[in-house]
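Novice: Sharing work-v1.cif here; it has mmCIF, C-alpha atoms and all ligand atoms.
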data_model
#
loop_
_atom_site.label_atom_id
_atom_site.label_comp_id
_atom_site.auth_asym_id
_atom_site.auth_seq_id
_atom_site.Cartn_x
_atom_site.Cartn_y
_atom_site.Cartn_z
CA MET T 1 113.74 0.43 51.49
CA LYS T 2 116.73 -0.01 53.75
CA HIS T 3 119.62 2.42 53.80
CA ILE T 4 123.20 1.41 54.38
CA ILE T 5 124.71 3.59 57.07
CA THR T 6 128.31 3.67 58.17
CA MET T 7 129.26 4.82 61.64
CA THR T 8 132.04 4.38 64.14
CA VAL T 9 130.78 2.95 67.40
CA ASN T 10 133.18 3.04 70.33
CA GLY T 11 136.09 3.25 67.90
CA ASP T 12 134.93 0.38 65.70
CA PRO T 13 133.71 1.19 62.17
CA CYS T 14 130.53 -0.58 61.12
CA SER T 15 128.14 -0.56 58.17
CA ILE T 16 124.59 -1.68 58.64
CA ALA T 17 121.36 -1.73 56.59
CA VAL T 18 118.55 0.05 58.43
CA ASP T 19 114.95 0.95 57.73
CA PRO T 20 114.62 4.74 57.59
CA TRP T 21 112.22 4.88 60.56
CA ARG T 22 114.42 2.97 63.02
CA THR T 23 116.00 4.86 65.87
CA LEU T 24 119.64 4.87 66.87
CA ASN T 25 118.53 3.28 70.15
CA GLU T 26 116.96 0.34 68.31
CA VAL T 27 119.98 -0.16 66.08
CA LEU T 28 122.44 0.01 68.98
CA ARG T 29 120.46 -2.36 71.20
CA GLU T 30 118.88 -4.75 68.72
CA ASP T 31 121.33 -4.87 65.80
CA LEU T 32 124.64 -4.24 67.53
CA GLY T 33 123.78 -5.83 70.90
CA LEU T 34 124.89 -2.76 72.84
CA THR T 35 122.22 -3.04 75.51
CA GLY T 36 124.07 -0.81 77.97
CA THR T 37 122.16 2.02 76.28
CA LYS T 38 118.74 1.85 77.91
CA LEU T 39 115.27 2.65 76.63
CA GLY T 40 113.06 4.38 79.17
CA CYS T 41 110.32 6.78 78.11
CA GLY T 42 111.05 6.64 74.38
CA GLU T 43 109.94 10.27 74.19
CA GLY T 44 113.03 12.34 75.00
CA ASP T 45 112.11 12.94 78.64
CA CYS T 46 114.23 10.62 80.79
CA GLY T 47 117.78 10.55 79.37
CA ALA T 48 118.22 6.80 79.95
CA CYS T 49 119.01 6.41 76.25
CA THR T 50 121.75 9.07 76.14
CA VAL T 51 124.73 8.40 73.90
CA LEU T 52 127.38 10.73 72.48
CA VAL T 53 127.30 11.60 68.79
CA GLU T 54 130.47 13.42 67.75
CA GLY T 55 131.05 14.01 71.47
CA ARG T 56 127.67 15.62 72.13
CA SER T 57 124.98 13.92 74.20
CA VAL T 58 121.80 13.03 72.34
CA SER T 59 118.68 11.03 73.12
CA SER T 60 119.11 7.91 71.02
CA CYS T 61 115.35 7.21 71.27
CA LEU T 62 114.62 10.39 69.28
CA THR T 63 117.53 10.10 66.84
CA LEU T 64 116.97 8.25 63.58
CA ALA T 65 119.79 5.88 62.74
CA VAL T 66 120.02 7.32 59.22
CA ALA T 67 120.77 10.72 60.79
CA VAL T 68 124.04 9.45 62.25
CA ASP T 69 125.42 8.12 58.99
CA GLY T 70 129.15 8.88 58.97
CA LYS T 71 129.22 9.91 62.63
CA ASP T 72 131.23 8.86 65.64
CA ILE T 73 129.12 7.29 68.42
CA THR T 74 130.11 6.59 72.01
CA THR T 75 127.98 4.32 74.17
CA ILE T 76 128.54 3.21 77.75
CA GLU T 77 130.38 0.14 76.43
CA GLY T 78 133.04 2.51 75.03
CA LEU T 79 133.56 4.48 78.22
CA ALA T 80 135.99 2.18 80.05
CA LEU T 81 139.60 2.76 79.15
CA SER T 82 140.17 -0.95 78.65
CA GLY T 83 138.48 -4.24 79.44
CA GLU T 84 140.09 -4.24 82.88
CA GLU T 85 140.25 -0.57 83.76
CA LEU T 86 137.18 1.51 84.51
CA HIS T 87 136.85 5.11 83.38
CA PRO T 88 137.30 7.62 86.25
CA ILE T 89 133.60 8.49 85.94
CA GLN T 90 132.66 4.85 86.49
CA GLU T 91 135.07 4.57 89.43
CA ALA T 92 133.62 7.70 91.02
CA PHE T 93 130.02 6.50 90.61
CA ILE T 94 130.92 3.26 92.40
CA GLU T 95 132.96 4.95 95.13
CA LYS T 96 130.28 7.56 95.87
CA GLY T 97 127.38 5.11 95.82
CA ALA T 98 125.78 6.94 92.89
CA ILE T 99 124.13 3.82 91.49
CA GLN T 100 121.08 2.02 92.82
CA CYS T 101 118.95 0.25 90.19
CA GLY T 102 121.39 1.43 87.52
CA PHE T 103 118.79 2.17 84.87
CA CYS T 104 119.81 5.82 84.59
CA THR T 105 123.53 5.19 85.02
CA SER T 106 124.62 4.78 81.39
CA GLY T 107 122.95 8.02 80.39
CA MET T 108 124.16 9.85 83.50
CA GLU T 109 127.77 8.81 82.92
CA LEU T 110 127.70 9.84 79.27
CA SER T 111 126.18 13.21 80.17
CA ALA T 112 128.96 13.53 82.76
CA LEU T 113 131.57 12.74 80.10
CA ASN T 114 130.01 15.32 77.79
CA LEU T 115 130.29 17.90 80.58
CA LEU T 116 133.79 17.05 81.81
CA THR T 117 135.24 16.99 78.30
CA LYS T 118 134.15 20.59 77.84
CA ASN T 119 134.42 21.81 81.41
CA PRO T 120 137.04 19.98 83.53
CA SER T 121 136.19 21.90 86.72
CA PRO T 122 132.41 22.28 86.90
CA ASP T 123 130.72 23.67 89.99
CA GLU T 124 127.65 22.01 91.50
CA LYS T 125 125.23 24.15 89.52
CA GLU T 126 126.98 23.30 86.26
CA ILE T 127 126.89 19.59 87.12
CA ARG T 128 123.18 19.75 87.96
CA THR T 129 122.49 21.60 84.70
CA ALA T 130 124.48 19.03 82.72
CA ILE T 131 122.41 16.14 84.08
CA SER T 132 119.09 18.00 84.06
CA GLY T 133 117.92 15.84 81.15
CA ASN T 134 118.72 12.61 82.98
CA LEU T 135 116.08 11.42 85.42
CA CYS T 136 116.92 9.15 88.37
CA ARG T 137 114.15 7.53 90.37
CA CYS T 138 116.39 6.12 93.09
CA THR T 139 119.32 8.17 94.33
CA GLY T 140 118.00 11.65 95.01
CA TYR T 141 120.85 12.97 92.83
CA TYR T 142 123.17 14.02 95.69
CA ASN T 143 125.53 11.07 95.25
CA ILE T 144 125.49 11.46 91.49
CA VAL T 145 126.47 15.14 91.70
CA ASP T 146 129.13 14.21 94.23
CA ALA T 147 130.43 11.46 91.94
CA ILE T 148 130.71 13.76 88.94
CA GLY T 149 132.68 16.24 91.04
CA ALA T 150 134.98 13.42 92.16
CA ALA T 151 135.33 12.22 88.58
CA ALA T 152 136.43 15.70 87.54
CA GLU T 153 139.23 15.55 90.12
CA LYS T 154 140.26 12.06 89.01
CA MET T 155 140.33 13.08 85.33
CA LYS T 156 142.44 16.14 86.13
CA LYS T 157 144.95 13.95 87.99
CA THR T 158 145.03 11.46 85.10
CA ASN T 159 145.66 14.30 82.64
CA ASP T 160 148.37 15.81 84.88
CA ASN T 161 150.18 12.46 84.99
CA ASN T 162 150.18 12.07 81.19
S1 LIG T 201 114.31 6.76 76.48
FE1 LIG T 201 115.13 8.42 75.39
S2 LIG T 201 114.80 10.11 76.67
FE2 LIG T 201 113.78 8.47 77.70
S1 LIG T 202 119.82 4.55 90.02
FE1 LIG T 202 117.78 3.89 89.60
S2 LIG T 202 117.04 5.37 88.21
FE2 LIG T 202 118.96 6.14 88.83
#
Using structure tokens, write down the structure from this file.
Ligand code: FES
Ligand code: FES
Specialist:
Amino acid sequence: MKHIITMTVNGDPCSIAVDPWRTLNEVLREDLGLTGTKLGCGEGDCGACTVLVEGRSVSSCLTLAVAVDGKDITTIEGLALSGEELHPIQEAFIEKGAIQCGFCTSGMELSALNLLTKNPSPDEKEIRTAISGNLCRCTGYYNIVDAIGAAAEKMKKTNDNN
């Protein structure tokens, strides 16, 4: 029997009927069309499916949709500040060449947001720890770590100007 769940996704409230065994990843990608959230291993190992639930990063492949009833979800589609303006994390990833195939990027950027929201000035070790659950096959991580450091600086400047 389906359950009606209500959640806020990227600021938009939605109610949806879901089978109790379906994952948040399936509901985001298949029902809501938010395919920026990727599905890699499906077993909690790669981090490609990372989204924020109440501001905390979770593996959407291991999270049942019914478990997020009433919660606030952020996916990569909700990261940009507007349709025309990228988030500082996205800008930094582009500027530092931290994207190759891009399959890990959504999860990496949301893990970065999770870190920088709690710790605006992380050192390299803290950045590496924060993305330790996100695997990247392409970049060797150096540019990603560099980008997250640059994003921290950008976000501090943005906050100072507000
Ligand atoms: S797809 Fe969820 S951790 Fe790999
Ligand atoms: S850029 Fe290809 S997996 Fe990270």
Novice: Once you count only C-alpha atoms and all ligand atoms, which residues end up within 12 Å of ligand LIG 202 (chain T), and could you hand them over as number ranges by chain?
Specialist: T: 38, 40, 46-48, 93-94, 97-109, 131, 134-144
Novice: Quick one: residues within 7 Å of ligand LIG 201 (chain T), with only C-alpha atoms and all ligand atoms, as a PDB file with C-alpha atoms, keeping the file's coordinate frame?
Specialist:
ATOM      1  CA  LYS T  38     118.740   1.850  77.910  1.00  0.00           C
ATOM      2  CA  LEU T  39     115.270   2.650  76.630  1.00  0.00           C
ATOM      3  CA  GLY T  40     113.060   4.380  79.170  1.00  0.00           C
ATOM      4  CA  CYS T  41     110.320   6.780  78.110  1.00  0.00           C
ATOM      5  CA  GLY T  42     111.050   6.640  74.380  1.00  0.00           C
ATOM      6  CA  GLU T  43     109.940  10.270  74.190  1.00  0.00           C
ATOM      7  CA  GLY T  44     113.030  12.340  75.000  1.00  0.00           C
ATOM      8  CA  ASP T  45     112.110  12.940  78.640  1.00  0.00           C
ATOM      9  CA  CYS T  46     114.230  10.620  80.790  1.00  0.00           C
ATOM     10  CA  GLY T  47     117.780  10.550  79.370  1.00  0.00           C
ATOM     11  CA  ALA T  48     118.220   6.800  79.950  1.00  0.00           C
ATOM     12  CA  CYS T  49     119.010   6.410  76.250  1.00  0.00           C
ATOM     13  CA  THR T  50     121.750   9.070  76.140  1.00  0.00           C
ATOM     14  CA  SER T  59     118.680  11.030  73.120  1.00  0.00           C
ATOM     15  CA  SER T  60     119.110   7.910  71.020  1.00  0.00           C
ATOM     16  CA  CYS T  61     115.350   7.210  71.270  1.00  0.00           C
ATOM     17  CA  LEU T  62     114.620  10.390  69.280  1.00  0.00           C
TER      18      LEU T  62
END
Novice: What's the 12 Å shell around Lys118 in chain T, counting all atoms listed in the file, without same-chain residues fewer than 3 positions away, as a list in words?
Specialist: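 Counting all atoms listed in the file, the residues come to Gly55, Arg56, Ser57, Ser111, Ala112, Leu113, Asn114, Leu115, Ser121, Pro122, Glu126, Ile127, Ala130 and Ala152 of chain T.
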Novice: As a PyMOL selection string, please: the residues near range 156-159 of chain T (cut-off 9 Å, only C-alpha atoms, same-chain neighbours under 5 positions excluded).
Specialist: chain T and resi 88+120-121+151
Novice: How far is it from CA of Ile89 in chain T to CA of Met155 in chain T, in Å with one decimal?
Specialist: 8.2 Å
Novice: List the spatial neighbours of Thr74 in chain T as a count of residues only - criterion: any atom at most 7 Å away, all atoms listed in the file, same-chain residues fewer than 6 positions off excluded.
Specialist: 5
Novice: Which residues are near Val27 in chain T? Cut-off 12 Å, all atoms listed in the file, ignore same chain within fewer than 5 positions. Put them as a PyMOL selection string.
Specialist: chain T and resi 5+7+9+14-22+32-35+37+39+60-61+63-66+68
Novice: How far is it from CA of Glu95 in chain T to CA of Ile148 in chain T, in Å with one decimal?
Specialist: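 Distance reported for this atom pair: 11.0 Å.
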Novice: Mind giving me the straight-line distance from CA of Thr8 in chain T to CA of Ile73 in chain T in Å, one decimal?
Specialist: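 We find that CA of Thr8 in chain T and CA of Ile73 in chain T lie 5.9 Å from each other.
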Novice: Would you please work out which residue, of T:Asp69, T:Glu84, T:Asp146, T:Glu91, is nearest to Thr6 in chain T when using only C-alpha atoms?
Specialist: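 The answer is T:Asp69, which sits nearest to Thr6 in chain T.
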Novice: Could you work out an axis-aligned bounding box for all listed atoms of range 123-138 of chain T, with 6 Å added on each of the six sides, and give its centre and edge lengths in Å to one decimal, as JSON?
Specialist:
{"center_x": 122.4, "center_y": 15.1, "center_z": 87.1, "size_x": 28.6, "size_y": 30.0, "size_z": 23.9}
